[in-house]
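J.: Below is model_18.pdb; it holds PDB, N, CA, C and O atoms.
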ATOM      1  N   MET A   1     -20.707 -12.867   6.132  1.00  0.00           N
ATOM      2  CA  MET A   1     -19.700 -12.134   5.402  1.00  0.00           C
ATOM      3  C   MET A   1     -18.342 -12.209   6.106  1.00  0.00           C
ATOM      4  O   MET A   1     -17.322 -12.231   5.445  1.00  0.00           O
ATOM      5  N   ASP A   2     -18.357 -12.256   7.435  1.00  0.00           N
ATOM      6  CA  ASP A   2     -17.092 -12.361   8.170  1.00  0.00           C
ATOM      7  C   ASP A   2     -16.342 -13.633   7.807  1.00  0.00           C
ATOM      8  O   ASP A   2     -15.118 -13.618   7.700  1.00  0.00           O
ATOM      9  N   ALA A   3     -17.075 -14.728   7.603  1.00  0.00           N
ATOM     10  CA  ALA A   3     -16.428 -15.999   7.281  1.00  0.00           C
ATOM     11  C   ALA A   3     -15.682 -15.917   5.957  1.00  0.00           C
ATOM     12  O   ALA A   3     -14.552 -16.409   5.836  1.00  0.00           O
ATOM     13  N   ILE A   4     -16.285 -15.295   4.969  1.00  0.00           N
ATOM     14  CA  ILE A   4     -15.631 -15.149   3.663  1.00  0.00           C
ATOM     15  C   ILE A   4     -14.400 -14.260   3.791  1.00  0.00           C
ATOM     16  O   ILE A   4     -13.354 -14.543   3.195  1.00  0.00           O
ATOM     17  N   ALA A   5     -14.499 -13.198   4.580  1.00  0.00           N
ATOM     18  CA  ALA A   5     -13.360 -12.287   4.767  1.00  0.00           C
ATOM     19  C   ALA A   5     -12.197 -13.014   5.427  1.00  0.00           C
ATOM     20  O   ALA A   5     -11.042 -12.847   5.014  1.00  0.00           O
ATOM     21  N   VAL A   6     -12.489 -13.829   6.429  1.00  0.00           N
ATOM     22  CA  VAL A   6     -11.429 -14.586   7.104  1.00  0.00           C
ATOM     23  C   VAL A   6     -10.823 -15.600   6.145  1.00  0.00           C
ATOM     24  O   VAL A   6      -9.597 -15.773   6.104  1.00  0.00           O
ATOM     25  N   LEU A   7     -11.651 -16.262   5.375  1.00  0.00           N
ATOM     26  CA  LEU A   7     -11.142 -17.233   4.409  1.00  0.00           C
ATOM     27  C   LEU A   7     -10.257 -16.559   3.367  1.00  0.00           C
ATOM     28  O   LEU A   7      -9.174 -17.058   3.042  1.00  0.00           O
ATOM     29  N   MET A   8     -10.689 -15.398   2.866  1.00  0.00           N
ATOM     30  CA  MET A   8      -9.860 -14.668   1.892  1.00  0.00           C
ATOM     31  C   MET A   8      -8.573 -14.170   2.535  1.00  0.00           C
ATOM     32  O   MET A   8      -7.516 -14.177   1.894  1.00  0.00           O
ATOM     33  N   ASP A   9      -8.603 -13.744   3.791  1.00  0.00           N
ATOM     34  CA  ASP A   9      -7.384 -13.335   4.493  1.00  0.00           C
ATOM     35  C   ASP A   9      -6.393 -14.496   4.566  1.00  0.00           C
ATOM     36  O   ASP A   9      -5.192 -14.314   4.380  1.00  0.00           O
ATOM     37  N   THR A  10      -6.913 -15.682   4.834  1.00  0.00           N
ATOM     38  CA  THR A  10      -6.060 -16.871   4.909  1.00  0.00           C
ATOM     39  C   THR A  10      -5.467 -17.204   3.547  1.00  0.00           C
ATOM     40  O   THR A  10      -4.267 -17.486   3.431  1.00  0.00           O
ATOM     41  N   ILE A  11      -6.290 -17.147   2.511  1.00  0.00           N
ATOM     42  CA  ILE A  11      -5.804 -17.421   1.152  1.00  0.00           C
ATOM     43  C   ILE A  11      -4.748 -16.390   0.754  1.00  0.00           C
ATOM     44  O   ILE A  11      -3.680 -16.743   0.248  1.00  0.00           O
ATOM     45  N   ARG A  12      -5.027 -15.127   0.990  1.00  0.00           N
ATOM     46  CA  ARG A  12      -4.068 -14.069   0.631  1.00  0.00           C
ATOM     47  C   ARG A  12      -2.784 -14.169   1.446  1.00  0.00           C
ATOM     48  O   ARG A  12      -1.712 -13.827   0.950  1.00  0.00           O
ATOM     49  N   GLY A  13      -2.899 -14.639   2.682  1.00  0.00           N
ATOM     50  CA  GLY A  13      -1.703 -14.825   3.504  1.00  0.00           C
ATOM     51  C   GLY A  13      -0.747 -15.848   2.916  1.00  0.00           C
ATOM     52  O   GLY A  13       0.461 -15.756   3.091  1.00  0.00           O
ATOM     53  N   GLN A  14      -1.288 -16.808   2.203  1.00  0.00           N
ATOM     54  CA  GLN A  14      -0.454 -17.860   1.603  1.00  0.00           C
ATOM     55  C   GLN A  14      -0.129 -17.619   0.132  1.00  0.00           C
ATOM     56  O   GLN A  14       0.923 -18.023  -0.336  1.00  0.00           O
ATOM     57  N   PHE A  15      -1.041 -16.955  -0.581  1.00  0.00           N
ATOM     58  CA  PHE A  15      -0.889 -16.834  -2.031  1.00  0.00           C
ATOM     59  C   PHE A  15      -0.863 -15.398  -2.538  1.00  0.00           C
ATOM     60  O   PHE A  15      -0.868 -15.180  -3.751  1.00  0.00           O
ATOM     61  N   GLY A  16      -0.900 -14.422  -1.651  1.00  0.00           N
ATOM     62  CA  GLY A  16      -0.926 -13.029  -2.087  1.00  0.00           C
ATOM     63  C   GLY A  16      -2.228 -12.717  -2.798  1.00  0.00           C
ATOM     64  O   GLY A  16      -3.283 -13.240  -2.448  1.00  0.00           O
ATOM     65  N   ASP A  17      -2.157 -11.891  -3.796  1.00  0.00           N
ATOM     66  CA  ASP A  17      -3.354 -11.468  -4.536  1.00  0.00           C
ATOM     67  C   ASP A  17      -3.625 -12.331  -5.766  1.00  0.00           C
ATOM     68  O   ASP A  17      -4.300 -11.903  -6.696  1.00  0.00           O
ATOM     69  N   ARG A  18      -3.125 -13.545  -5.758  1.00  0.00           N
ATOM     70  CA  ARG A  18      -3.273 -14.439  -6.904  1.00  0.00           C
ATOM     71  C   ARG A  18      -4.731 -14.795  -7.194  1.00  0.00           C
ATOM     72  O   ARG A  18      -5.113 -15.016  -8.338  1.00  0.00           O
ATOM     73  N   PHE A  19      -5.567 -14.848  -6.149  1.00  0.00           N
ATOM     74  CA  PHE A  19      -6.967 -15.241  -6.308  1.00  0.00           C
ATOM     75  C   PHE A  19      -7.877 -14.090  -5.901  1.00  0.00           C
ATOM     76  O   PHE A  19      -7.686 -13.477  -4.866  1.00  0.00           O
ATOM     77  N   GLU A  20      -8.900 -13.830  -6.730  1.00  0.00           N
ATOM     78  CA  GLU A  20      -9.831 -12.736  -6.462  1.00  0.00           C
ATOM     79  C   GLU A  20     -11.000 -13.162  -5.581  1.00  0.00           C
ATOM     80  O   GLU A  20     -11.673 -12.313  -5.000  1.00  0.00           O
ATOM     81  N   SER A  21     -11.244 -14.475  -5.483  1.00  0.00           N
ATOM     82  CA  SER A  21     -12.402 -14.950  -4.730  1.00  0.00           C
ATOM     83  C   SER A  21     -12.153 -16.380  -4.246  1.00  0.00           C
ATOM     84  O   SER A  21     -11.241 -17.065  -4.716  1.00  0.00           O
ATOM     85  N   VAL A  22     -12.991 -16.805  -3.321  1.00  0.00           N
ATOM     86  CA  VAL A  22     -12.910 -18.185  -2.840  1.00  0.00           C
ATOM     87  C   VAL A  22     -13.215 -19.169  -3.970  1.00  0.00           C
ATOM     88  O   VAL A  22     -12.487 -20.163  -4.129  1.00  0.00           O
ATOM     89  N   PRO A  23     -14.251 -18.940  -4.797  1.00  0.00           N
ATOM     90  CA  PRO A  23     -14.480 -19.867  -5.911  1.00  0.00           C
ATOM     91  C   PRO A  23     -13.286 -19.950  -6.872  1.00  0.00           C
ATOM     92  O   PRO A  23     -12.968 -21.038  -7.365  1.00  0.00           O
ATOM     93  N   ALA A  24     -12.627 -18.842  -7.129  1.00  0.00           N
ATOM     94  CA  ALA A  24     -11.445 -18.874  -8.009  1.00  0.00           C
ATOM     95  C   ALA A  24     -10.349 -19.727  -7.387  1.00  0.00           C
ATOM     96  O   ALA A  24      -9.676 -20.500  -8.079  1.00  0.00           O
ATOM     97  N   PHE A  25     -10.164 -19.612  -6.081  1.00  0.00           N
ATOM     98  CA  PHE A  25      -9.181 -20.438  -5.376  1.00  0.00           C
ATOM     99  C   PHE A  25      -9.562 -21.912  -5.486  1.00  0.00           C
ATOM    100  O   PHE A  25      -8.738 -22.750  -5.846  1.00  0.00           O
ATOM    101  N   ASN A  26     -10.822 -22.246  -5.185  1.00  0.00           N
ATOM    102  CA  ASN A  26     -11.277 -23.639  -5.252  1.00  0.00           C
ATOM    103  C   ASN A  26     -11.139 -24.206  -6.657  1.00  0.00           C
ATOM    104  O   ASN A  26     -10.701 -25.347  -6.829  1.00  0.00           O
ATOM    105  N   ASP A  27     -11.511 -23.426  -7.666  1.00  0.00           N
ATOM    106  CA  ASP A  27     -11.435 -23.891  -9.046  1.00  0.00           C
ATOM    107  C   ASP A  27     -10.011 -24.195  -9.472  1.00  0.00           C
ATOM    108  O   ASP A  27      -9.778 -25.094 -10.279  1.00  0.00           O
ATOM    109  N   SER A  28      -9.050 -23.469  -8.944  1.00  0.00           N
ATOM    110  CA  SER A  28      -7.666 -23.684  -9.352  1.00  0.00           C
ATOM    111  C   SER A  28      -7.120 -25.021  -8.853  1.00  0.00           C
ATOM    112  O   SER A  28      -6.144 -25.521  -9.382  1.00  0.00           O
ATOM    113  N   PHE A  29      -7.763 -25.612  -7.853  1.00  0.00           N
ATOM    114  CA  PHE A  29      -7.308 -26.886  -7.309  1.00  0.00           C
ATOM    115  C   PHE A  29      -8.246 -28.036  -7.654  1.00  0.00           C
ATOM    116  O   PHE A  29      -8.130 -29.123  -7.094  1.00  0.00           O
ATOM    117  N   ARG A  30      -9.145 -27.813  -8.573  1.00  0.00           N
ATOM    118  CA  ARG A  30     -10.140 -28.834  -8.926  1.00  0.00           C
ATOM    119  C   ARG A  30      -9.467 -30.136  -9.368  1.00  0.00           C
ATOM    120  O   ARG A  30      -9.820 -31.211  -8.911  1.00  0.00           O
ATOM    121  N   ALA A  31      -8.479 -30.064 -10.233  1.00  0.00           N
ATOM    122  CA  ALA A  31      -7.832 -31.273 -10.765  1.00  0.00           C
ATOM    123  C   ALA A  31      -6.861 -31.887  -9.751  1.00  0.00           C
ATOM    124  O   ALA A  31      -6.607 -33.079  -9.788  1.00  0.00           O
ATOM    125  N   GLY A  32      -6.339 -31.087  -8.855  1.00  0.00           N
ATOM    126  CA  GLY A  32      -5.326 -31.576  -7.919  1.00  0.00           C
ATOM    127  C   GLY A  32      -5.871 -32.140  -6.634  1.00  0.00           C
ATOM    128  O   GLY A  32      -5.111 -32.540  -5.761  1.00  0.00           O
ATOM    129  N   GLY A  33      -7.163 -32.176  -6.474  1.00  0.00           N
ATOM    130  CA  GLY A  33      -7.745 -32.711  -5.254  1.00  0.00           C
ATOM    131  C   GLY A  33      -8.093 -31.619  -4.261  1.00  0.00           C
ATOM    132  O   GLY A  33      -7.873 -30.433  -4.498  1.00  0.00           O
ATOM    133  N   ALA A  34      -8.615 -32.050  -3.138  1.00  0.00           N
ATOM    134  CA  ALA A  34      -9.139 -31.101  -2.155  1.00  0.00           C
ATOM    135  C   ALA A  34      -8.234 -30.915  -0.949  1.00  0.00           C
ATOM    136  O   ALA A  34      -8.590 -30.212  -0.023  1.00  0.00           O
ATOM    137  N   ARG A  35      -7.075 -31.521  -0.945  1.00  0.00           N
ATOM    138  CA  ARG A  35      -6.223 -31.467   0.242  1.00  0.00           C
ATOM    139  C   ARG A  35      -5.844 -30.038   0.626  1.00  0.00           C
ATOM    140  O   ARG A  35      -6.021 -29.639   1.776  1.00  0.00           O
ATOM    141  N   LEU A  36      -5.332 -29.253  -0.296  1.00  0.00           N
ATOM    142  CA  LEU A  36      -4.917 -27.886   0.026  1.00  0.00           C
ATOM    143  C   LEU A  36      -6.099 -26.990   0.373  1.00  0.00           C
ATOM    144  O   LEU A  36      -6.057 -26.289   1.392  1.00  0.00           O
ATOM    145  N   PRO A  37      -7.193 -26.990  -0.406  1.00  0.00           N
ATOM    146  CA  PRO A  37      -8.336 -26.167  -0.001  1.00  0.00           C
ATOM    147  C   PRO A  37      -8.876 -26.529   1.389  1.00  0.00           C
ATOM    148  O   PRO A  37      -9.252 -25.648   2.158  1.00  0.00           O
ATOM    149  N   LEU A  38      -8.878 -27.800   1.738  1.00  0.00           N
ATOM    150  CA  LEU A  38      -9.341 -28.190   3.069  1.00  0.00           C
ATOM    151  C   LEU A  38      -8.377 -27.732   4.157  1.00  0.00           C
ATOM    152  O   LEU A  38      -8.800 -27.338   5.249  1.00  0.00           O
ATOM    153  N   ARG A  39      -7.088 -27.764   3.870  1.00  0.00           N
ATOM    154  CA  ARG A  39      -6.096 -27.268   4.834  1.00  0.00           C
ATOM    155  C   ARG A  39      -6.282 -25.772   5.055  1.00  0.00           C
ATOM    156  O   ARG A  39      -6.255 -25.285   6.185  1.00  0.00           O
ATOM    157  N   ILE A  40      -6.495 -25.031   3.981  1.00  0.00           N
ATOM    158  CA  ILE A  40      -6.724 -23.588   4.073  1.00  0.00           C
ATOM    159  C   ILE A  40      -7.989 -23.319   4.879  1.00  0.00           C
ATOM    160  O   ILE A  40      -8.036 -22.401   5.706  1.00  0.00           O
ATOM    161  N   LEU A  41      -9.028 -24.110   4.676  1.00  0.00           N
ATOM    162  CA  LEU A  41     -10.270 -23.943   5.420  1.00  0.00           C
ATOM    163  C   LEU A  41     -10.021 -24.156   6.917  1.00  0.00           C
ATOM    164  O   LEU A  41     -10.538 -23.409   7.747  1.00  0.00           O
ATOM    165  N   GLY A  42      -9.228 -25.138   7.256  1.00  0.00           N
ATOM    166  CA  GLY A  42      -8.882 -25.369   8.660  1.00  0.00           C
ATOM    167  C   GLY A  42      -8.106 -24.203   9.259  1.00  0.00           C
ATOM    168  O   GLY A  42      -8.363 -23.797  10.397  1.00  0.00           O
ATOM    169  N   GLN A  43      -7.176 -23.658   8.487  1.00  0.00           N
ATOM    170  CA  GLN A  43      -6.415 -22.498   8.952  1.00  0.00           C
ATOM    171  C   GLN A  43      -7.328 -21.299   9.130  1.00  0.00           C
ATOM    172  O   GLN A  43      -7.162 -20.518  10.071  1.00  0.00           O
ATOM    173  N   ALA A  44      -8.296 -21.142   8.233  1.00  0.00           N
ATOM    174  CA  ALA A  44      -9.247 -20.039   8.355  1.00  0.00           C
ATOM    175  C   ALA A  44     -10.107 -20.203   9.604  1.00  0.00           C
ATOM    176  O   ALA A  44     -10.416 -19.219  10.288  1.00  0.00           O
ATOM    177  N   ALA A  45     -10.482 -21.416   9.914  1.00  0.00           N
ATOM    178  CA  ALA A  45     -11.258 -21.666  11.140  1.00  0.00           C
ATOM    179  C   ALA A  45     -10.447 -21.288  12.378  1.00  0.00           C
ATOM    180  O   ALA A  45     -10.967 -20.668  13.311  1.00  0.00           O
ATOM    181  N   ASP A  46      -9.162 -21.622  12.368  1.00  0.00           N
ATOM    182  CA  ASP A  46      -8.289 -21.230  13.481  1.00  0.00           C
ATOM    183  C   ASP A  46      -8.182 -19.717  13.589  1.00  0.00           C
ATOM    184  O   ASP A  46      -8.196 -19.153  14.695  1.00  0.00           O
ATOM    185  N   LEU A  47      -8.058 -19.048  12.449  1.00  0.00           N
ATOM    186  CA  LEU A  47      -7.968 -17.585  12.429  1.00  0.00           C
ATOM    187  C   LEU A  47      -9.271 -16.961  12.930  1.00  0.00           C
ATOM    188  O   LEU A  47      -9.245 -16.009  13.707  1.00  0.00           O
ATOM    189  N   ALA A  48     -10.400 -17.500  12.517  1.00  0.00           N
ATOM    190  CA  ALA A  48     -11.693 -16.986  12.983  1.00  0.00           C
ATOM    191  C   ALA A  48     -11.826 -17.145  14.493  1.00  0.00           C
ATOM    192  O   ALA A  48     -12.310 -16.242  15.191  1.00  0.00           O
ATOM    193  N   ASP A  49     -11.363 -18.272  15.008  1.00  0.00           N
ATOM    194  CA  ASP A  49     -11.395 -18.489  16.441  1.00  0.00           C
ATOM    195  C   ASP A  49     -10.501 -17.469  17.156  1.00  0.00           C
ATOM    196  O   ASP A  49     -10.893 -16.915  18.182  1.00  0.00           O
ATOM    197  N   ALA A  50      -9.333 -17.229  16.608  1.00  0.00           N
ATOM    198  CA  ALA A  50      -8.418 -16.254  17.203  1.00  0.00           C
ATOM    199  C   ALA A  50      -9.006 -14.839  17.191  1.00  0.00           C
ATOM    200  O   ALA A  50      -8.722 -14.040  18.085  1.00  0.00           O
ATOM    201  N   ARG A  51      -9.850 -14.566  16.207  1.00  0.00           N
ATOM    202  CA  ARG A  51     -10.501 -13.259  16.109  1.00  0.00           C
ATOM    203  C   ARG A  51     -11.835 -13.213  16.849  1.00  0.00           C
ATOM    204  O   ARG A  51     -12.548 -12.224  16.789  1.00  0.00           O
ATOM    205  N   SER A  52     -12.169 -14.297  17.524  1.00  0.00           N
ATOM    206  CA  SER A  52     -13.427 -14.423  18.275  1.00  0.00           C
ATOM    207  C   SER A  52     -14.654 -14.205  17.408  1.00  0.00           C
ATOM    208  O   SER A  52     -15.614 -13.539  17.801  1.00  0.00           O
ATOM    209  N   LEU A  53     -14.629 -14.783  16.219  1.00  0.00           N
ATOM    210  CA  LEU A  53     -15.791 -14.684  15.314  1.00  0.00           C
ATOM    211  C   LEU A  53     -16.666 -15.899  15.407  1.00  0.00           C
ATOM    212  O   LEU A  53     -16.310 -16.963  15.584  1.00  0.00           O
TER     213      LEU A  53
END
Produce structure tokens that represent the structure in this file.
T.:
Amino acid sequence: MDAIAVLMDTIRGQFGDRFESVPAFNDSFRAGGARLPLRILGQAADLADARSL
């Protein structure tokens, strides 16, 4: 559950409350490729590391 919370924190940090869930975020970029979702995932990993999770 911590991983999802960190990922949502990262998404909200960049997009505000535009997305209610990780699947909603992923679905919004389905046609545009995976570059941005993968970048967000990397940022979330950095944030999790900073939080010692």
J.: Which one of A:Leu38, A:Gly32, A:Ala44, A:Leu53 sits closest to Val6 in chain A if you count only C-alpha atoms?
T.: A:Ala44
J.: Which distance in Å separates atom N of Asp9 in chain A and atom O of Ser28 in chain A, to one decimal?
T.: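 The value is 17.8 Å.
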J.: If you take every atom of range 16-21 of chain A that the file lists and fit an axis-aligned box around them with 8 Å extra on each side, what centre and edge lengths come out in Å to one decimal, as AutoDock Vina command-line options?
T.:
--center_x -6.7 --center_y -14.3 --center_z -5.0 --size_x 27.5 --size_y 21.6 --size_z 22.7
J.: Going by the chain IDs and residue numbers used in this file, which residues fall under the PyMOL selection byres (((chain A and resi 11 and name CA) around 12) and name CA)? Write them as a PyMOL selection string.
T.: chain A and resi 4-10+12-26+36-44+47
J.: Run DSSP on the backbone and tell me which residues of chain A come out as helix (DSSP H, G or I); list them as JSON, numbers by chain.
T.: {"A": [2, 3, 4, 5, 6, 7, 8, 9, 10, 11, 12, 13, 14, 15, 22, 23, 24, 25, 26, 27, 28, 35, 36, 37, 38, 39, 40, 41, 42, 43, 44, 45, 46, 47, 48, 49, 50]}
J.: Report, in Å with one decimal, the straight-line distance from atom N of Asp46 in chain A to atom O of Ala31 in chain A.
T.: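 We find that atom N of Asp46 in chain A and atom O of Ala31 in chain A lie 25.1 Å from each other.
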J.: Give me, please, the distance in Å between atom C of Arg51 in chain A and CA of Phe29 in chain A, quoted to one decimal.
T.: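 About the pair atom C of Arg51 in chain A and CA of Phe29 in chain A: they are 28.1 Å apart.
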J.: Generate all heavy atoms for range 17-28 of chain A and emit them as a PDB file, in the frame of the given file.
T.:
ATOM      1  N   ASP A  17      -2.157 -11.891  -3.796  1.00  0.00           N
ATOM      2  CA  ASP A  17      -3.354 -11.468  -4.536  1.00  0.00           C
ATOM      3  C   ASP A  17      -3.625 -12.331  -5.766  1.00  0.00           C
ATOM      4  O   ASP A  17      -4.300 -11.903  -6.696  1.00  0.00           O
ATOM      5  CB  ASP A  17      -3.221 -10.003  -4.958  1.00  0.00           C
ATOM      6  CG  ASP A  17      -3.286  -9.069  -3.770  1.00  0.00           C
ATOM      7  OD1 ASP A  17      -3.927  -9.432  -2.772  1.00  0.00           O
ATOM      8  OD2 ASP A  17      -2.688  -7.982  -3.838  1.00  0.00           O
ATOM      9  N   ARG A  18      -3.125 -13.545  -5.758  1.00  0.00           N
ATOM     10  CA  ARG A  18      -3.273 -14.439  -6.904  1.00  0.00           C
ATOM     11  C   ARG A  18      -4.731 -14.795  -7.194  1.00  0.00           C
ATOM     12  O   ARG A  18      -5.113 -15.016  -8.338  1.00  0.00           O
ATOM     13  CB  ARG A  18      -2.467 -15.702  -6.636  1.00  0.00           C
ATOM     14  CG  ARG A  18      -2.472 -16.693  -7.745  1.00  0.00           C
ATOM     15  CD  ARG A  18      -1.529 -17.834  -7.435  1.00  0.00           C
ATOM     16  NE  ARG A  18      -1.878 -18.979  -8.232  1.00  0.00           N
ATOM     17  CZ  ARG A  18      -1.438 -20.194  -7.997  1.00  0.00           C
ATOM     18  NH1 ARG A  18      -0.627 -20.425  -7.004  1.00  0.00           N
ATOM     19  NH2 ARG A  18      -1.793 -21.178  -8.761  1.00  0.00           N
ATOM     20  N   PHE A  19      -5.567 -14.848  -6.149  1.00  0.00           N
ATOM     21  CA  PHE A  19      -6.967 -15.241  -6.308  1.00  0.00           C
ATOM     22  C   PHE A  19      -7.877 -14.090  -5.901  1.00  0.00           C
ATOM     23  O   PHE A  19      -7.686 -13.477  -4.866  1.00  0.00           O
ATOM     24  CB  PHE A  19      -7.288 -16.471  -5.459  1.00  0.00           C
ATOM     25  CG  PHE A  19      -6.433 -17.653  -5.809  1.00  0.00           C
ATOM     26  CD1 PHE A  19      -5.387 -18.034  -4.994  1.00  0.00           C
ATOM     27  CD2 PHE A  19      -6.664 -18.369  -6.967  1.00  0.00           C
ATOM     28  CE1 PHE A  19      -4.586 -19.122  -5.312  1.00  0.00           C
ATOM     29  CE2 PHE A  19      -5.872 -19.454  -7.303  1.00  0.00           C
ATOM     30  CZ  PHE A  19      -4.827 -19.826  -6.471  1.00  0.00           C
ATOM     31  N   GLU A  20      -8.900 -13.830  -6.730  1.00  0.00           N
ATOM     32  CA  GLU A  20      -9.831 -12.736  -6.462  1.00  0.00           C
ATOM     33  C   GLU A  20     -11.000 -13.162  -5.581  1.00  0.00           C
ATOM     34  O   GLU A  20     -11.673 -12.313  -5.000  1.00  0.00           O
ATOM     35  CB  GLU A  20     -10.378 -12.187  -7.776  1.00  0.00           C
ATOM     36  CG  GLU A  20      -9.341 -11.492  -8.612  1.00  0.00           C
ATOM     37  CD  GLU A  20      -9.951 -10.909  -9.866  1.00  0.00           C
ATOM     38  OE1 GLU A  20     -11.156 -10.623  -9.871  1.00  0.00           O
ATOM     39  OE2 GLU A  20      -9.209 -10.752 -10.837  1.00  0.00           O
ATOM     40  N   SER A  21     -11.244 -14.475  -5.483  1.00  0.00           N
ATOM     41  CA  SER A  21     -12.402 -14.950  -4.730  1.00  0.00           C
ATOM     42  C   SER A  21     -12.153 -16.380  -4.246  1.00  0.00           C
ATOM     43  O   SER A  21     -11.241 -17.065  -4.716  1.00  0.00           O
ATOM     44  CB  SER A  21     -13.651 -14.928  -5.608  1.00  0.00           C
ATOM     45  OG  SER A  21     -13.515 -15.856  -6.671  1.00  0.00           O
ATOM     46  N   VAL A  22     -12.991 -16.805  -3.321  1.00  0.00           N
ATOM     47  CA  VAL A  22     -12.910 -18.185  -2.840  1.00  0.00           C
ATOM     48  C   VAL A  22     -13.215 -19.169  -3.970  1.00  0.00           C
ATOM     49  O   VAL A  22     -12.487 -20.163  -4.129  1.00  0.00           O
ATOM     50  CB  VAL A  22     -13.840 -18.392  -1.623  1.00  0.00           C
ATOM     51  CG1 VAL A  22     -13.891 -19.859  -1.218  1.00  0.00           C
ATOM     52  CG2 VAL A  22     -13.388 -17.521  -0.454  1.00  0.00           C
ATOM     53  N   PRO A  23     -14.251 -18.940  -4.797  1.00  0.00           N
ATOM     54  CA  PRO A  23     -14.480 -19.867  -5.911  1.00  0.00           C
ATOM     55  C   PRO A  23     -13.286 -19.950  -6.872  1.00  0.00           C
ATOM     56  O   PRO A  23     -12.968 -21.038  -7.365  1.00  0.00           O
ATOM     57  CB  PRO A  23     -15.715 -19.296  -6.608  1.00  0.00           C
ATOM     58  CG  PRO A  23     -16.455 -18.580  -5.529  1.00  0.00           C
ATOM     59  CD  PRO A  23     -15.360 -17.978  -4.667  1.00  0.00           C
ATOM     60  N   ALA A  24     -12.627 -18.842  -7.129  1.00  0.00           N
ATOM     61  CA  ALA A  24     -11.445 -18.874  -8.009  1.00  0.00           C
ATOM     62  C   ALA A  24     -10.349 -19.727  -7.387  1.00  0.00           C
ATOM     63  O   ALA A  24      -9.676 -20.500  -8.079  1.00  0.00           O
ATOM     64  CB  ALA A  24     -10.946 -17.463  -8.266  1.00  0.00           C
ATOM     65  N   PHE A  25     -10.164 -19.612  -6.081  1.00  0.00           N
ATOM     66  CA  PHE A  25      -9.181 -20.438  -5.376  1.00  0.00           C
ATOM     67  C   PHE A  25      -9.562 -21.912  -5.486  1.00  0.00           C
ATOM     68  O   PHE A  25      -8.738 -22.750  -5.846  1.00  0.00           O
ATOM     69  CB  PHE A  25      -9.105 -20.008  -3.910  1.00  0.00           C
ATOM     70  CG  PHE A  25      -8.257 -20.908  -3.058  1.00  0.00           C
ATOM     71  CD1 PHE A  25      -6.876 -20.839  -3.124  1.00  0.00           C
ATOM     72  CD2 PHE A  25      -8.833 -21.819  -2.197  1.00  0.00           C
ATOM     73  CE1 PHE A  25      -6.086 -21.671  -2.345  1.00  0.00           C
ATOM     74  CE2 PHE A  25      -8.062 -22.652  -1.415  1.00  0.00           C
ATOM     75  CZ  PHE A  25      -6.690 -22.578  -1.489  1.00  0.00           C
ATOM     76  N   ASN A  26     -10.822 -22.246  -5.185  1.00  0.00           N
ATOM     77  CA  ASN A  26     -11.277 -23.639  -5.252  1.00  0.00           C
ATOM     78  C   ASN A  26     -11.139 -24.206  -6.657  1.00  0.00           C
ATOM     79  O   ASN A  26     -10.701 -25.347  -6.829  1.00  0.00           O
ATOM     80  CB  ASN A  26     -12.728 -23.749  -4.788  1.00  0.00           C
ATOM     81  CG  ASN A  26     -12.875 -23.556  -3.306  1.00  0.00           C
ATOM     82  OD1 ASN A  26     -11.941 -23.746  -2.540  1.00  0.00           O
ATOM     83  ND2 ASN A  26     -14.058 -23.165  -2.892  1.00  0.00           N
ATOM     84  N   ASP A  27     -11.511 -23.426  -7.666  1.00  0.00           N
ATOM     85  CA  ASP A  27     -11.435 -23.891  -9.046  1.00  0.00           C
ATOM     86  C   ASP A  27     -10.011 -24.195  -9.472  1.00  0.00           C
ATOM     87  O   ASP A  27      -9.778 -25.094 -10.279  1.00  0.00           O
ATOM     88  CB  ASP A  27     -12.053 -22.879  -9.996  1.00  0.00           C
ATOM     89  CG  ASP A  27     -13.563 -22.822  -9.888  1.00  0.00           C
ATOM     90  OD1 ASP A  27     -14.158 -23.730  -9.251  1.00  0.00           O
ATOM     91  OD2 ASP A  27     -14.153 -21.851 -10.416  1.00  0.00           O
ATOM     92  N   SER A  28      -9.050 -23.469  -8.944  1.00  0.00           N
ATOM     93  CA  SER A  28      -7.666 -23.684  -9.352  1.00  0.00           C
ATOM     94  C   SER A  28      -7.120 -25.021  -8.853  1.00  0.00           C
ATOM     95  O   SER A  28      -6.144 -25.521  -9.382  1.00  0.00           O
ATOM     96  CB  SER A  28      -6.784 -22.538  -8.864  1.00  0.00           C
ATOM     97  OG  SER A  28      -6.616 -22.600  -7.462  1.00  0.00           O
TER      98      SER A  28
END
